[in-house]
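Listing of structure-v5.cif, mmCIF, C-alpha atoms
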data_start
#
loop_
_atom_site.label_atom_id
_atom_site.label_comp_id
_atom_site.auth_asym_id
_atom_site.auth_seq_id
_atom_site.Cartn_x
_atom_site.Cartn_y
_atom_site.Cartn_z
CA MET A 1 50.72 -9.56 28.07
CA ILE A 2 50.21 -7.80 24.70
CA SER A 3 53.40 -6.84 22.88
CA ALA A 4 53.99 -3.28 21.65
CA LEU A 5 53.72 -4.51 18.05
CA LYS A 6 50.34 -6.16 18.69
CA LYS A 7 49.10 -3.02 20.43
CA THR A 8 50.10 -0.99 17.38
CA ILE A 9 48.26 -3.38 15.06
CA ILE A 10 45.10 -3.33 17.22
CA VAL A 11 45.10 0.46 17.42
CA THR A 12 45.70 0.70 13.65
CA ILE A 13 42.70 -1.54 12.96
CA ILE A 14 40.27 -0.19 15.58
CA LEU A 15 40.82 3.56 15.29
CA PRO A 16 39.95 3.85 11.58
CA THR A 17 36.88 1.67 12.19
CA ILE A 18 35.66 3.90 15.02
CA PHE A 19 36.50 7.01 13.01
CA SER A 20 34.65 5.79 9.87
CA SER A 21 31.64 4.70 11.95
CA SER A 22 31.52 8.15 13.50
CA LEU A 23 31.65 9.77 10.08
CA PHE A 24 28.92 7.42 8.83
CA ALA A 25 26.67 8.43 11.73
CA GLN A 26 27.33 12.08 10.99
CA LYS A 27 26.48 11.61 7.30
CA GLN A 28 23.09 10.03 7.90
CA PRO A 29 20.56 12.41 6.28
CA VAL A 30 18.15 14.24 8.53
CA ARG A 31 14.63 12.83 8.30
CA LEU A 32 12.62 15.31 6.26
CA ASN A 33 9.51 16.55 8.05
CA PRO A 34 6.67 14.15 7.10
CA ASP A 35 4.16 16.94 7.65
CA ASP A 36 5.94 19.43 5.38
CA LEU A 37 5.96 17.85 1.95
CA LEU A 38 7.21 21.02 0.28
CA GLN A 39 10.75 20.19 1.32
CA TYR A 40 13.21 18.15 -0.69
CA ARG A 41 16.86 17.24 -0.60
CA ASP A 42 18.94 18.25 -3.61
CA GLU A 43 21.80 16.17 -5.04
CA ALA A 44 24.24 17.83 -2.65
CA GLY A 45 22.07 16.87 0.33
CA ASN A 46 20.83 20.40 1.00
CA ILE A 47 17.22 20.78 2.14
CA LYS A 48 15.31 23.14 -0.16
CA LYS A 49 11.78 24.36 -0.81
CA VAL A 50 9.70 22.41 -3.32
CA ARG A 51 8.63 24.88 -6.00
CA THR A 52 8.18 22.75 -9.10
CA ALA A 53 6.97 19.30 -10.11
CA ALA A 54 10.61 18.34 -10.69
CA ASP A 55 11.46 19.33 -7.10
CA TRP A 56 8.53 17.24 -5.84
CA LYS A 57 9.75 14.27 -7.85
CA GLN A 58 12.95 14.27 -5.80
CA ARG A 59 11.00 14.29 -2.52
CA ARG A 60 8.78 11.52 -3.86
CA GLN A 61 11.81 9.38 -4.67
CA GLU A 62 13.02 9.83 -1.10
CA ILE A 63 9.62 8.69 0.19
CA ILE A 64 9.89 5.52 -1.87
CA ARG A 65 13.40 4.91 -0.54
CA GLY A 66 11.94 5.23 2.96
CA MET A 67 9.27 2.65 2.14
CA GLU A 68 11.84 0.20 0.82
CA LYS A 69 14.05 0.70 3.87
CA VAL A 70 11.25 -0.78 5.97
CA MET A 71 9.42 -3.02 3.49
CA GLY A 72 12.39 -4.28 1.52
CA PRO A 73 12.99 -3.55 -2.17
CA PHE A 74 10.35 -3.66 -4.86
CA PRO A 75 11.24 -6.69 -7.04
CA GLY A 76 13.04 -6.26 -10.34
CA GLU A 77 11.51 -6.83 -13.75
CA ASP A 78 13.15 -10.26 -13.94
CA GLN A 79 10.47 -11.42 -11.50
CA ARG A 80 7.67 -10.68 -14.01
CA VAL A 81 7.55 -14.22 -15.35
CA ALA A 82 4.72 -15.63 -17.49
CA LEU A 83 1.49 -15.50 -15.48
CA ASN A 84 0.40 -19.04 -16.40
CA VAL A 85 -3.17 -18.49 -15.10
CA LYS A 86 -5.04 -21.56 -13.87
CA ILE A 87 -8.81 -21.60 -13.31
CA LEU A 88 -9.74 -23.68 -10.26
CA GLU A 89 -13.45 -22.90 -10.09
CA GLU A 90 -16.03 -21.01 -12.14
CA VAL A 91 -19.48 -19.82 -11.09
CA LYS A 92 -21.89 -18.02 -13.43
CA LEU A 93 -24.02 -15.39 -11.66
CA ASP A 94 -26.73 -13.04 -12.94
CA LYS A 95 -24.43 -10.20 -14.07
CA TYR A 96 -20.94 -11.69 -14.04
CA THR A 97 -18.91 -14.87 -13.93
CA ARG A 98 -16.69 -15.46 -10.90
CA GLN A 99 -13.50 -17.46 -11.30
CA LEU A 100 -11.19 -18.70 -8.57
CA ILE A 101 -7.74 -18.63 -10.15
CA THR A 102 -4.05 -18.76 -9.36
CA TYR A 103 -1.31 -16.91 -11.26
CA GLN A 104 2.47 -17.07 -11.28
CA SER A 105 3.42 -13.93 -9.36
CA SER A 106 7.15 -14.73 -9.35
CA PRO A 107 9.29 -17.70 -10.45
CA ASP A 108 8.60 -19.74 -7.31
CA SER A 109 5.26 -18.37 -6.14
CA ARG A 110 1.64 -18.71 -7.22
CA THR A 111 -0.99 -16.31 -5.88
CA PRO A 112 -4.69 -17.16 -5.52
CA ALA A 113 -7.27 -14.59 -6.60
CA TYR A 114 -10.89 -14.16 -7.55
CA LEU A 115 -11.49 -12.78 -11.03
CA CYS A 116 -14.96 -11.44 -11.83
CA ILE A 117 -15.92 -10.95 -15.48
CA PRO A 118 -19.13 -9.00 -16.19
CA HIS A 119 -21.32 -10.47 -18.92
CA SER A 120 -21.06 -7.12 -20.69
CA ALA A 121 -17.41 -7.95 -21.44
CA LYS A 122 -18.42 -10.19 -24.32
CA GLY A 123 -18.49 -9.85 -28.04
CA GLY A 124 -15.25 -7.92 -28.25
CA LYS A 125 -16.34 -5.12 -25.91
CA LYS A 126 -13.64 -3.93 -23.51
CA VAL A 127 -14.55 -2.83 -19.99
CA PRO A 128 -12.58 -1.10 -17.19
CA ALA A 129 -11.07 -2.92 -14.23
CA VAL A 130 -10.53 -2.49 -10.50
CA LEU A 131 -8.04 -4.15 -8.16
CA CYS A 132 -10.03 -5.12 -5.03
CA LEU A 133 -7.97 -5.68 -1.88
CA HIS A 134 -9.58 -7.48 1.03
CA PRO A 135 -9.51 -6.65 4.76
CA THR A 136 -7.93 -8.82 7.44
CA ASP A 137 -9.70 -12.16 7.70
CA ASN A 138 -7.93 -15.30 8.87
CA LYS A 139 -10.67 -17.65 7.68
CA ALA A 140 -12.24 -16.31 4.50
CA GLY A 141 -9.34 -14.18 3.24
CA HIS A 142 -10.06 -12.76 -0.21
CA LYS A 143 -13.55 -14.30 -0.24
CA VAL A 144 -14.64 -11.34 1.89
CA ALA A 145 -14.29 -8.93 -1.06
CA LEU A 146 -16.76 -11.12 -2.98
CA GLY A 147 -19.36 -11.15 -0.22
CA LEU A 148 -18.50 -14.76 0.62
CA GLY A 149 -17.10 -14.12 4.08
CA GLY A 150 -20.27 -13.22 5.93
CA ARG A 151 -19.18 -9.63 6.66
CA GLU A 152 -21.38 -6.80 5.45
CA GLY A 153 -19.90 -3.78 3.70
CA ARG A 154 -16.82 -5.48 2.27
CA GLN A 155 -18.24 -6.99 -0.95
CA TYR A 156 -16.89 -4.31 -3.27
CA ALA A 157 -15.38 -6.77 -5.78
CA ALA A 158 -18.85 -8.25 -6.37
CA GLU A 159 -20.65 -4.89 -6.43
CA LEU A 160 -18.19 -3.41 -8.91
CA ALA A 161 -18.54 -6.48 -11.15
CA GLU A 162 -22.30 -5.92 -11.10
CA ARG A 163 -21.61 -2.35 -12.25
CA GLY A 164 -19.70 -3.63 -15.28
CA TYR A 165 -16.09 -3.70 -14.03
CA VAL A 166 -13.71 -6.60 -14.31
CA THR A 167 -12.46 -7.08 -10.76
CA ILE A 168 -9.56 -9.04 -9.37
CA ALA A 169 -9.16 -9.78 -5.65
CA PRO A 170 -5.80 -11.38 -4.78
CA ALA A 171 -5.23 -13.18 -1.50
CA TYR A 172 -3.04 -11.42 1.07
CA PRO A 173 0.10 -13.24 2.33
CA HIS A 174 -0.20 -15.16 5.60
CA LEU A 175 -3.98 -14.97 5.82
CA ALA A 176 -6.48 -17.79 5.38
CA ASN A 177 -4.96 -20.37 2.98
CA TYR A 178 -2.16 -18.31 1.43
CA TRP A 179 1.21 -18.86 3.15
CA PRO A 180 4.13 -18.05 0.85
CA ASN A 181 7.61 -18.48 2.32
CA LEU A 182 8.56 -14.81 2.34
CA GLY A 183 12.24 -15.23 3.18
CA LYS A 184 12.81 -17.99 0.64
CA LEU A 185 11.13 -15.86 -2.03
CA GLY A 186 13.38 -12.91 -1.19
CA PHE A 187 10.77 -10.69 0.48
CA GLU A 188 11.59 -8.82 3.66
CA SER A 189 7.96 -8.12 4.55
CA GLY A 190 4.49 -9.43 3.85
CA THR A 191 3.61 -5.88 2.81
CA MET A 192 6.06 -5.90 -0.11
CA LYS A 193 4.96 -9.38 -1.15
CA ALA A 194 1.37 -8.12 -1.24
CA ILE A 195 2.35 -5.05 -3.28
CA TRP A 196 4.14 -7.30 -5.77
CA ASP A 197 1.20 -9.72 -5.98
CA ASN A 198 -1.07 -6.75 -6.64
CA SER A 199 1.21 -5.39 -9.35
CA ARG A 200 1.21 -8.80 -11.00
CA ALA A 201 -2.60 -8.85 -10.75
CA ILE A 202 -2.57 -5.65 -12.79
CA ASP A 203 -0.30 -7.42 -15.30
CA LEU A 204 -2.95 -10.10 -15.48
CA LEU A 205 -5.68 -7.55 -16.16
CA GLU A 206 -3.51 -6.05 -18.91
CA SER A 207 -3.24 -9.46 -20.54
CA LEU A 208 -7.02 -9.89 -20.91
CA ASP A 209 -8.36 -8.83 -24.29
CA TYR A 210 -11.70 -7.76 -22.78
CA VAL A 211 -10.14 -5.32 -20.28
CA ASP A 212 -9.72 -1.63 -21.08
CA LEU A 213 -6.78 -0.11 -19.17
CA SER A 214 -6.47 2.95 -21.41
CA ARG A 215 -7.46 5.08 -18.40
CA GLY A 216 -5.55 2.98 -15.91
CA VAL A 217 -6.95 0.70 -13.22
CA GLY A 218 -8.78 1.45 -9.98
CA ALA A 219 -7.69 0.17 -6.57
CA ILE A 220 -10.00 -0.19 -3.57
CA GLY A 221 -9.65 -1.76 -0.15
CA HIS A 222 -11.01 -1.73 3.39
CA SER A 223 -8.83 -1.83 6.53
CA LEU A 224 -5.82 -3.99 5.53
CA GLY A 225 -6.97 -3.50 1.95
CA GLY A 226 -7.20 0.26 2.56
CA HIS A 227 -3.49 0.74 3.20
CA ASN A 228 -2.61 -2.04 0.76
CA ALA A 229 -4.31 0.00 -1.99
CA ILE A 230 -2.27 3.09 -1.08
CA TYR A 231 1.06 1.25 -0.92
CA THR A 232 0.39 -0.44 -4.27
CA ALA A 233 -0.66 2.78 -6.00
CA VAL A 234 2.48 4.59 -4.81
CA LEU A 235 4.68 1.94 -6.44
CA ASP A 236 2.56 1.10 -9.51
CA PRO A 237 1.64 4.14 -11.64
CA ARG A 238 -0.96 2.16 -13.58
CA VAL A 239 -3.34 2.70 -10.65
CA SER A 240 -5.22 5.85 -11.67
CA ALA A 241 -7.88 6.12 -8.95
CA ILE A 242 -7.57 5.03 -5.31
CA VAL A 243 -10.14 4.27 -2.60
CA SER A 244 -9.00 3.60 0.97
CA SER A 245 -11.57 2.71 3.64
CA CYS A 246 -10.54 2.57 7.31
CA GLY A 247 -6.98 1.99 6.13
CA PHE A 248 -4.63 4.32 7.97
CA ASP A 249 -3.68 7.13 10.25
CA SER A 250 -0.21 8.50 10.87
CA TYR A 251 2.13 5.84 12.27
CA ARG A 252 2.88 8.36 15.02
CA ASP A 253 -0.81 8.32 16.04
CA TYR A 254 -1.47 4.60 15.66
CA TYR A 255 -3.34 3.50 18.79
CA ASP A 256 -2.34 6.83 20.32
CA ALA A 257 1.35 5.84 20.01
CA ALA A 258 0.97 3.09 22.63
CA GLU A 259 4.32 1.31 22.99
CA ARG A 260 2.65 -2.12 23.31
CA VAL A 261 1.70 -2.15 19.60
CA TRP A 262 5.28 -1.54 18.41
CA TYR A 263 6.83 -4.82 19.56
CA PHE A 264 7.75 -7.47 17.00
CA GLY A 265 4.63 -9.46 16.12
CA LYS A 266 2.24 -6.67 17.10
CA GLY A 267 0.35 -4.17 14.94
CA TRP A 268 2.42 -3.00 11.98
CA CYS A 269 5.35 -5.13 13.18
CA GLN A 270 3.85 -8.50 12.26
CA ILE A 271 5.61 -10.63 9.65
CA ARG A 272 2.68 -10.26 7.27
CA TYR A 273 3.14 -6.49 7.49
CA MET A 274 6.53 -4.89 8.17
CA PRO A 275 8.52 -6.58 10.98
CA ARG A 276 11.24 -3.91 10.72
CA MET A 277 8.75 -1.41 12.12
CA SER A 278 9.61 -2.77 15.58
CA ASP A 279 13.02 -1.10 15.18
CA TYR A 280 11.23 2.24 15.65
CA ARG A 281 9.54 1.46 18.97
CA GLY A 282 9.97 4.52 21.15
CA LYS A 283 11.17 6.63 18.21
CA LEU A 284 8.20 6.80 15.86
CA ASP A 285 9.36 10.14 14.47
CA GLU A 286 12.25 8.28 12.84
CA ILE A 287 10.09 5.95 10.72
CA PRO A 288 11.38 6.90 7.25
CA PHE A 289 7.95 7.31 5.63
CA ASP A 290 4.42 8.05 6.81
CA PHE A 291 0.92 8.43 5.43
CA PRO A 292 1.03 12.19 4.87
CA GLU A 293 3.89 11.49 2.45
CA LEU A 294 2.15 8.47 0.91
CA LEU A 295 -0.97 10.52 0.19
CA GLY A 296 1.23 13.18 -1.37
CA ALA A 297 2.96 10.50 -3.45
CA LEU A 298 -0.41 9.58 -4.98
CA ALA A 299 -0.93 13.09 -6.38
CA PRO A 300 -2.27 14.16 -8.83
CA ARG A 301 -4.39 11.00 -8.99
CA PRO A 302 -7.87 11.14 -7.40
CA VAL A 303 -8.13 9.57 -3.93
CA TYR A 304 -11.25 8.92 -1.86
CA VAL A 305 -10.77 8.09 1.84
CA ASN A 306 -13.48 6.70 4.11
CA ALA A 307 -12.49 7.54 7.71
CA PRO A 308 -15.40 6.90 10.11
CA LEU A 309 -15.77 8.96 13.26
CA HIS A 310 -15.79 5.87 15.50
CA ASP A 311 -13.11 3.73 13.88
CA SER A 312 -11.27 2.05 16.76
CA ASN A 313 -8.28 1.11 14.57
CA PHE A 314 -7.40 4.43 12.95
CA ARG A 315 -8.04 7.95 14.29
CA TRP A 316 -10.07 10.16 11.93
CA LYS A 317 -8.43 13.35 13.23
CA SER A 318 -5.04 11.93 12.31
CA VAL A 319 -6.38 11.09 8.83
CA ASP A 320 -7.39 14.74 8.44
CA GLN A 321 -3.92 15.86 9.51
CA CYS A 322 -2.35 13.51 6.96
CA ALA A 323 -4.58 14.96 4.24
CA GLU A 324 -3.81 18.54 5.25
CA SER A 325 -0.10 17.80 4.91
CA ALA A 326 -0.63 16.24 1.47
CA LYS A 327 -2.88 18.98 0.05
CA PRO A 328 -0.03 21.39 -0.87
CA VAL A 329 1.33 18.72 -3.21
CA TYR A 330 -2.08 18.33 -4.85
CA GLU A 331 -2.24 22.10 -5.28
CA LEU A 332 1.28 22.18 -6.73
CA LEU A 333 0.30 19.55 -9.31
CA GLY A 334 -3.02 21.22 -10.21
CA ALA A 335 -5.22 18.62 -8.50
CA LYS A 336 -6.53 20.58 -5.51
CA GLU A 337 -9.95 18.88 -5.38
CA LYS A 338 -8.82 15.31 -6.01
CA LEU A 339 -8.09 14.29 -2.41
CA VAL A 340 -11.43 13.69 -0.66
CA ILE A 341 -11.87 12.61 2.98
CA ASP A 342 -15.27 11.37 4.19
CA HIS A 343 -16.31 10.89 7.85
CA PRO A 344 -19.44 8.74 8.23
CA ASP A 345 -20.91 8.43 11.71
CA CYS A 346 -20.08 4.75 12.18
CA ASP A 347 -17.42 2.35 13.42
CA HIS A 348 -14.71 0.47 11.46
CA ASN A 349 -16.97 -0.09 8.48
CA PHE A 350 -17.60 0.78 4.84
CA PRO A 351 -21.26 1.85 4.57
CA LEU A 352 -23.24 1.65 1.34
CA GLU A 353 -23.32 5.44 0.90
CA GLN A 354 -19.52 5.60 1.06
CA ARG A 355 -19.11 2.59 -1.22
CA ASN A 356 -21.35 4.26 -3.79
CA ARG A 357 -19.22 7.42 -3.63
CA ALA A 358 -16.18 5.27 -4.24
CA TYR A 359 -17.82 3.62 -7.25
CA GLN A 360 -18.79 7.03 -8.65
CA LEU A 361 -15.14 8.04 -8.46
CA PHE A 362 -14.18 4.99 -10.53
CA ASP A 363 -16.98 5.80 -13.01
CA SER A 364 -15.67 9.35 -13.44
CA VAL A 365 -12.09 8.21 -14.05
CA LEU A 366 -12.34 4.84 -15.79
CA LYS A 367 -15.52 5.06 -17.87
CA ASP A 368 -16.48 7.21 -20.87
#
For the file at hand, write its structure as structure tokens.
Amino acid sequence: MISALKKTIIVTIILPTIFSSSLFAQKQPVRLNPDDLLQYRDEAGNIKKVRTAADWKQRRQEIIRGMEKVMGPFPGEDQRVALNVKILEEVKLDKYTRQLITYQSSPDSRTPAYLCIPHSAKGGKKVPAVLCLHPTDNKAGHKVALGLGGREGRQYAAELAERGYVTIAPAYPHLANYWPNLGKLGFESGTMKAIWDNSRAIDLLESLDYVDLSRGVGAIGHSLGGHNAIYTAVLDPRVSAIVSSCGFDSYRDYYDAAERVWYFGKGWCQIRYMPRMSDYRGKLDEIPFDFPELLGALAPRPVYVNAPLHDSNFRWKSVDQCAESAKPVYELLGAKEKLVIDHPDCDHNFPLEQRNRAYQLFDSVLKD
């Protein structure tokens, strides 16, 4: 039997809790339309039309908050410890020297990477650089970007080094031989750990006296590397030109929105990606960021997207829809022609013709 006094205490405690929870639910901001990027939320929470670059900046900040809600926060500057680069292996090739290195990406984590130094970067001459992000490969990992993984069409780190670029290809977390303890290191997703490793790789490029970053750095990737390049460029403004091959479609269109790919451990919901994505199974419209917004967040920087007609991972029609949604932002910022989508007649691949177009983009942005 509960006494009258106890009943009063229970009611006093529970009612305010229920009431405040109800208010909290009511105050949750409405998800802005991911396909209408010319909307933003002002400081009072009112949804308004984007008319200026300053308006767009507010929408862009909300996109980044959406990313961090799923990926976890981008690390603070206190994590940018001394890089303490170690060279594990060095191979001299015809046009460049390839080094297998590790660098201190955060106080308790070292990241492996391949660094390619063209022979032209000698005698005090500075050359441009490109961050080269590898596709999914459980055996070769970042070797694939160097042409060492036995997979054709993914050797862009080597090809760019032959063209005179310093290239760096970091390993991706939880692939091949790179298994950082994400939770212990304070990361809530493999995706954010990869973004941070990539940002630190750019720090490393900045530290090299033979690298010219006066025009920024390029970022290129295929498949896993394709979306990794986009994520990194959104959060690191030093990336001035972006190439994404077979890297995305709208989350709402991923595998035609099949529920089976939205369980924990599947698709985007794997630990090495973003396990919190499984929270949105059956409610994909509520994912707080999407690729139309990410493409918009790259503006006004030039972006080249390779989206083959027969890619079984990502739907090319969805890629086009993402680009159409992002184009108004490019127009607003005076960069109408800088978002380019290419549709080769092939499967999940990065053909030579498309790779050459990507390299020409880097030449136009990063070279004299």
Written as a PyMOL selection string, what is the full residue list that the PyMOL selection byres ((chain A and resi 225) around 12) yields on the file shown? chain A and resi 131-137+141-142+144-145+154+156-157+169-172+191+194-195+198+219-224+226-233+242-248+273+350
Let's have the selection written as an mmCIF file, in the coordinates of the input, with C-alpha atoms.
data_model
loop_
_atom_site.group_PDB
_atom_site.id
_atom_site.type_symbol
_atom_site.label_atom_id
_atom_site.label_comp_id
_atom_site.auth_asym_id
_atom_site.auth_seq_id
_atom_site.Cartn_x
_atom_site.Cartn_y
_atom_site.Cartn_z
ATOM 1 C CA LEU A 131 -8.040 -4.150 -8.160
ATOM 2 C CA CYS A 132 -10.030 -5.120 -5.030
ATOM 3 C CA LEU A 133 -7.970 -5.680 -1.880
ATOM 4 C CA HIS A 134 -9.580 -7.480 1.030
ATOM 5 C CA PRO A 135 -9.510 -6.650 4.760
ATOM 6 C CA THR A 136 -7.930 -8.820 7.440
ATOM 7 C CA ASP A 137 -9.700 -12.160 7.700
ATOM 8 C CA GLY A 141 -9.340 -14.180 3.240
ATOM 9 C CA HIS A 142 -10.060 -12.760 -0.210
ATOM 10 C CA VAL A 144 -14.640 -11.340 1.890
ATOM 11 C CA ALA A 145 -14.290 -8.930 -1.060
ATOM 12 C CA ARG A 154 -16.820 -5.480 2.270
ATOM 13 C CA TYR A 156 -16.890 -4.310 -3.270
ATOM 14 C CA ALA A 157 -15.380 -6.770 -5.780
ATOM 15 C CA ALA A 169 -9.160 -9.780 -5.650
ATOM 16 C CA PRO A 170 -5.800 -11.380 -4.780
ATOM 17 C CA ALA A 171 -5.230 -13.180 -1.500
ATOM 18 C CA TYR A 172 -3.040 -11.420 1.070
ATOM 19 C CA THR A 191 3.610 -5.880 2.810
ATOM 20 C CA ALA A 194 1.370 -8.120 -1.240
ATOM 21 C CA ILE A 195 2.350 -5.050 -3.280
ATOM 22 C CA ASN A 198 -1.070 -6.750 -6.640
ATOM 23 C CA ALA A 219 -7.690 0.170 -6.570
ATOM 24 C CA ILE A 220 -10.000 -0.190 -3.570
ATOM 25 C CA GLY A 221 -9.650 -1.760 -0.150
ATOM 26 C CA HIS A 222 -11.010 -1.730 3.390
ATOM 27 C CA SER A 223 -8.830 -1.830 6.530
ATOM 28 C CA LEU A 224 -5.820 -3.990 5.530
ATOM 29 C CA GLY A 226 -7.200 0.260 2.560
ATOM 30 C CA HIS A 227 -3.490 0.740 3.200
ATOM 31 C CA ASN A 228 -2.610 -2.040 0.760
ATOM 32 C CA ALA A 229 -4.310 0.000 -1.990
ATOM 33 C CA ILE A 230 -2.270 3.090 -1.080
ATOM 34 C CA TYR A 231 1.060 1.250 -0.920
ATOM 35 C CA THR A 232 0.390 -0.440 -4.270
ATOM 36 C CA ALA A 233 -0.660 2.780 -6.000
ATOM 37 C CA ILE A 242 -7.570 5.030 -5.310
ATOM 38 C CA VAL A 243 -10.140 4.270 -2.600
ATOM 39 C CA SER A 244 -9.000 3.600 0.970
ATOM 40 C CA SER A 245 -11.570 2.710 3.640
ATOM 41 C CA CYS A 246 -10.540 2.570 7.310
ATOM 42 C CA GLY A 247 -6.980 1.990 6.130
ATOM 43 C CA PHE A 248 -4.630 4.320 7.970
ATOM 44 C CA TYR A 273 3.140 -6.490 7.490
ATOM 45 C CA PHE A 350 -17.600 0.780 4.840
#
Run the PyMOL selection byres ((chain A and resi 92-100) around 12) on the file and write out the hits as an mmCIF file with C-alpha atoms, keeping the file's coordinate frame.
data_model
loop_
_atom_site.group_PDB
_atom_site.id
_atom_site.type_symbol
_atom_site.label_atom_id
_atom_site.label_comp_id
_atom_site.auth_asym_id
_atom_site.auth_seq_id
_atom_site.Cartn_x
_atom_site.Cartn_y
_atom_site.Cartn_z
ATOM 1 C CA VAL A 85 -3.170 -18.490 -15.100
ATOM 2 C CA LYS A 86 -5.040 -21.560 -13.870
ATOM 3 C CA ILE A 87 -8.810 -21.600 -13.310
ATOM 4 C CA LEU A 88 -9.740 -23.680 -10.260
ATOM 5 C CA GLU A 89 -13.450 -22.900 -10.090
ATOM 6 C CA GLU A 90 -16.030 -21.010 -12.140
ATOM 7 C CA VAL A 91 -19.480 -19.820 -11.090
ATOM 8 C CA ILE A 101 -7.740 -18.630 -10.150
ATOM 9 C CA THR A 102 -4.050 -18.760 -9.360
ATOM 10 C CA TYR A 103 -1.310 -16.910 -11.260
ATOM 11 C CA THR A 111 -0.990 -16.310 -5.880
ATOM 12 C CA PRO A 112 -4.690 -17.160 -5.520
ATOM 13 C CA ALA A 113 -7.270 -14.590 -6.600
ATOM 14 C CA TYR A 114 -10.890 -14.160 -7.550
ATOM 15 C CA LEU A 115 -11.490 -12.780 -11.030
ATOM 16 C CA CYS A 116 -14.960 -11.440 -11.830
ATOM 17 C CA ILE A 117 -15.920 -10.950 -15.480
ATOM 18 C CA PRO A 118 -19.130 -9.000 -16.190
ATOM 19 C CA HIS A 119 -21.320 -10.470 -18.920
ATOM 20 C CA SER A 120 -21.060 -7.120 -20.690
ATOM 21 C CA ALA A 121 -17.410 -7.950 -21.440
ATOM 22 C CA LYS A 122 -18.420 -10.190 -24.320
ATOM 23 C CA HIS A 142 -10.060 -12.760 -0.210
ATOM 24 C CA LYS A 143 -13.550 -14.300 -0.240
ATOM 25 C CA LEU A 146 -16.760 -11.120 -2.980
ATOM 26 C CA GLY A 147 -19.360 -11.150 -0.220
ATOM 27 C CA LEU A 148 -18.500 -14.760 0.620
ATOM 28 C CA ALA A 157 -15.380 -6.770 -5.780
ATOM 29 C CA ALA A 158 -18.850 -8.250 -6.370
ATOM 30 C CA GLU A 159 -20.650 -4.890 -6.430
ATOM 31 C CA LEU A 160 -18.190 -3.410 -8.910
ATOM 32 C CA ALA A 161 -18.540 -6.480 -11.150
ATOM 33 C CA GLU A 162 -22.300 -5.920 -11.100
ATOM 34 C CA ARG A 163 -21.610 -2.350 -12.250
ATOM 35 C CA GLY A 164 -19.700 -3.630 -15.280
ATOM 36 C CA TYR A 165 -16.090 -3.700 -14.030
ATOM 37 C CA VAL A 166 -13.710 -6.600 -14.310
ATOM 38 C CA THR A 167 -12.460 -7.080 -10.760
ATOM 39 C CA ILE A 168 -9.560 -9.040 -9.370
ATOM 40 C CA ALA A 169 -9.160 -9.780 -5.650
ATOM 41 C CA PRO A 170 -5.800 -11.380 -4.780
ATOM 42 C CA ALA A 171 -5.230 -13.180 -1.500
#
Record the distance separating CA of Pro75 (chain A) and CA of Leu213 (chain A), expressed in Å with one decimal.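 Pair CA of Pro75 (chain A) / CA of Leu213 (chain A) returns 22.7 Å.
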The PyMOL selection byres ((chain A and resi 319-325) around 6) resolved against shown file, as a list of chain:residue names: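 Applied to this file, the PyMOL selection byres ((chain A and resi 319-325) around 6) selects A:Asp35, A:Asp249, A:Pro292, A:Trp316, A:Lys317, A:Ser318, A:Ala326, A:Lys327.
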Restricting the calculation to all atoms listed in the file, which member of A:Asp36, A:Asp279, A:Asp363, A:Asp290 is positioned closest to Trp56 (chain A)? A:Asp36
Smallest atom-to-atom distance to Phe74 (chain A): which of A:Ala258, A:Val340, A:Leu295, A:Leu235, using all atoms listed in the file?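 Of A:Ala258, A:Val340, A:Leu295, A:Leu235, the one nearest Phe74 (chain A) is A:Leu235, counting all atoms listed in the file.
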Residues near Leu309 (chain A), anyone? I mean within 9 Å using all atoms listed in the file, not counting same-chain ones fewer than 4 positions away, as a VMD selection string. chain A and resid 315 to 317 343 to 348
Quick one: everything within 9 Å of region 182-187 of chain A, counting all atoms listed in the file, minus sequence neighbours fewer than 3 positions away in the same chain. Send it as a list in words.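 Those residues are Met71, Gly72, Pro73, Phe74, Pro75, Ser106, Pro107, Asp108, Ser109, Pro173, Trp179, Gly190, Thr191, Met192, Lys193, Ile271 and Arg272 of chain A.
From CA of Val130 (chain A) back to CA of Lys367 (chain A), the distance works out to 11.7 Å.
Residue nearest Asp42 (chain A) within the list A:Asp55, A:Asp256, A:Asp212, A:Glu152: A:Asp55 [criterion: smallest interatomic distance, only C-alpha atoms].
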Nearest residue to Arg301 (chain A) from the set A:Ala176, A:Met274, A:Ala257, A:Val365 (distances using all atoms listed in the file):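 Using all atoms listed in the file, the shortest distance to Arg301 (chain A) belongs to A:Val365.
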What gap, in Å, lies between CA of Ile64 (chain A) and CA of Lys48 (chain A)? 18.5 Å
Identify, on the basis of all atoms listed in the file, every residue whose closest approach to Ala297 (chain A) does not exceed 8 Å; exclude the query and any residue fewer than 2 positions from it along the same chain; express the result as a ChimeraX atom specification. /A:60,63,234,293-295,299
How about completing region 334-338 of chain A with N, CA and C atoms and giving it to me as a short mmCIF file (atom, residue, chain, number, x, y, z; two decimals), in the coordinates of the input?
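Now in result29.cif:
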data_model
loop_
_atom_site.label_atom_id
_atom_site.label_comp_id
_atom_site.auth_asym_id
_atom_site.auth_seq_id
_atom_site.Cartn_x
_atom_site.Cartn_y
_atom_site.Cartn_z
N GLY A 334 -1.77 20.84 -9.56
CA GLY A 334 -3.02 21.22 -10.21
C GLY A 334 -4.16 20.25 -9.97
N ALA A 335 -4.19 19.61 -8.80
CA ALA A 335 -5.22 18.62 -8.50
C ALA A 335 -5.84 18.89 -7.13
N LYS A 336 -6.11 20.14 -6.83
CA LYS A 336 -6.53 20.58 -5.51
C LYS A 336 -7.73 19.82 -4.96
N GLU A 337 -8.69 19.49 -5.84
CA GLU A 337 -9.95 18.88 -5.38
C GLU A 337 -9.94 17.36 -5.44
N LYS A 338 -8.82 16.76 -5.75
CA LYS A 338 -8.82 15.31 -6.01
C LYS A 338 -8.53 14.44 -4.80
#
